[in-house]
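> Questions regarding the structure given below will be posed in turn.
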Amino acid sequence: MENTPTTAKTTPKDFFLWLGALIALYGGITSLIALLFEYVNYAFPDPLAYAGDPYGGSVRFSMATLIVLVPTAVFLFRLIRSSMETEPAKAGIWVRRWALVLTLFIAGAAVAIDLITILNTFLSGEIGIRFGLKAVLVLLIALGVFLHFLADAKGYWIANVQKANLIGIGVGILALVAIVAGFFIVGTPNHARDLRFDSQKVSDLQSIQYQIVYYWQTKQVLPSTLEMLSDPLSNFAVPRDPETGQPYLYSVTGPLTFELCGSFNAVTPNTQGQGQYPGRDISTTAWGPQPDENWQHEAGQQCYTRTIDPERYPAFEKPIR
């Protein structure tokens, strides 16, 4: 990058404008990559991967980050370019030179690391469509950032202000498309709230089922009503539907069988294979809520019939007095 004949002094305003612009730029790019990765996971589930988050928490966080950081980055870079148009010597201040070189270094390193990862994975025979798409996305984004700031270091965007403005508009449109696409996957905020209500209802029914089995093991008879499960000593109170406040439905259908019912807002989300891959040498459970086959449900009233197996859940022996 060539210095202008007269180099302006870096002011605190210049420093914090560039600092804010770089933070917004790096944060926006990271969120965009994370969001696109989630779309790839959704479109191409892998049976070897964990189940994804049914609430789309990571997708929503990436969307929220893009909504804030992309306009911020575009606005701050526009202010920086306006200051250079007013005072051309601003193009040679040290904070701009360092910011451009740092961004070029990070983008170039990302391209090199991505290419090495692609080649290593390909030579290992493990490459799949999910990995391939993610590698291509990182490569394209990192390469685009590298070329953009390389042109900026050579003064191309200073000489072509209209093209620089078009780049800003294009970035905004790309971010908008990525954000809108997220709503087709995770749904609206109301839908997320409905799923959380459903998750709590399943948790309540599981807790009630455990107490019913424990009651049978203790008394060798099923409770006739849910109120009989309340126990101040163990601090257990029978939960109610968190959305309506109504009690869950319960009925005894036999000496060892009973039925629990709840009303749900939506079908159980199927996120199998949409999460991350497990570590090869780490044995751990999948992150986030996982769908339980015993508690799958459709929208509306759903009843679960349960049978107590005395051999698996033997009655407790009563102490001899």
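FYI, nothing fancy with the structure tokens labels: chains A, B, ... in order, residues from 1 per chain, ligands from 1 as they appear.
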Which polymer residues have any atom within 9 Å of an atom of A:Ile67, counting only C-alpha atoms, with same-chain residues fewer than 5 positions away left out, as a PyMOL selection string?

chain A and resi 28+62+72+175-176+179

> Residues near stretch 237-245 of chain A, anyone? I mean within 8 Å using only C-alpha atoms, not counting same-chain ones fewer than 5 positions away, as a list in words.

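Listing them by chain and then by number gives Phe197, Gln200, Lys201, Asp204, Ile208, Leu226, Glu227, Leu229, Ser230, Asp231, Pro232 and Gly262 of chain A.
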
> Do a neighbour search on A:Leu256 at 10 Å with only C-alpha atoms, toss out local chain neighbours closer than 4 positions, and write the hits as an MDAnalysis selection string.

chainID A and resid 213 216 220:222 252 306:310

> Save out the residues we just selected, C-alpha atoms, as a CSV table (one decimal), in the first residue's frame.


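Result file follows (again-v4.csv):
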chain,number,residue,atom,x,y,z
A,213,VAL,CA,-44.3,-45.9,39.3
A,216,TRP,CA,-47.0,-48.4,42.9
A,220,GLN,CA,-48.6,-52.1,45.2
A,221,VAL,CA,-51.6,-50.2,43.8
A,222,LEU,CA,-51.9,-47.4,41.2
A,252,VAL,CA,-56.1,-46.2,35.4
A,306,ARG,CA,-47.9,-47.2,30.1
A,307,THR,CA,-47.6,-50.7,31.7
A,308,ILE,CA,-45.6,-51.3,34.8
A,309,ASP,CA,-43.4,-54.4,34.6
A,310,PRO,CA,-43.1,-55.8,38.2

> Between A:Lys163, A:His148, A:Arg97, A:Arg60, which one has atoms that come closest to A:Phe15, using only C-alpha atoms?

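Residue with the minimum atom-to-atom distance to A:Phe15: A:Arg97.
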
> Just the residues within 12 Å of A:Leu32, please, counting only C-alpha atoms, with nothing from its chain fewer than 6 positions along; format it as a PyMOL selection string.

chain A and resi 24-26+38-39+58-67+69-70+134+137-138+141-142+171-172+174-179+182

> From stretch 111-257 of chain A, collect each residue whose DSSP state is strand (DSSP E or B) and return the set as a PDB file with C-alpha atoms, in the first residue's frame.


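Resulting contents of out31.pdb:
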ATOM      1  CA  ASP A 231     -46.202 -35.379  49.025  1.00  0.00           C
ATOM      2  CA  PHE A 236     -43.499 -32.994  45.191  1.00  0.00           C
ATOM      3  CA  ARG A 240     -50.108 -28.615  35.681  1.00  0.00           C
ATOM      4  CA  PRO A 247     -54.294 -30.519  35.163  1.00  0.00           C
ATOM      5  CA  LEU A 249     -55.376 -36.123  32.223  1.00  0.00           C
ATOM      6  CA  TYR A 250     -54.773 -39.425  34.008  1.00  0.00           C
ATOM      7  CA  SER A 251     -56.729 -42.660  34.112  1.00  0.00           C
ATOM      8  CA  VAL A 252     -56.133 -46.174  35.428  1.00  0.00           C
ATOM      9  CA  THR A 257     -51.592 -49.999  33.268  1.00  0.00           C
TER      10      THR A 257
END

> Determine, counting only C-alpha atoms, which protein, DNA and RNA residues have an atom within 6 Å of an atom of A:Val267; residues of the same chain fewer than 3 positions away are not included. Present the result as number ranges by chain.

A: 297-299

> May I have the selected residues written with C-alpha atoms, as a PDB file, in the first residue's frame?


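Saved result, again.pdb, follows:
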ATOM      1  CA  HIS A 297     -46.359 -36.380  19.883  1.00  0.00           C
ATOM      2  CA  GLU A 298     -48.462 -34.743  17.208  1.00  0.00           C
ATOM      3  CA  ALA A 299     -50.221 -31.407  17.543  1.00  0.00           C
TER       4      ALA A 299
END

> Quick one: pick out all helix (DSSP H, G or I) residues within stretch 99-320 of chain A from a backbone DSSP run and write them as an NGL selection string.

:A and (99-123 or 129-153 or 156-159 or 161-186 or 189-219 or 226-229 or 293-295)

> Closest to A:Gly128 among A:Leu79, A:Val40, A:Leu22, A:Ala192, using only C-alpha atoms?

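Smallest distance to A:Gly128 is found for A:Val40.
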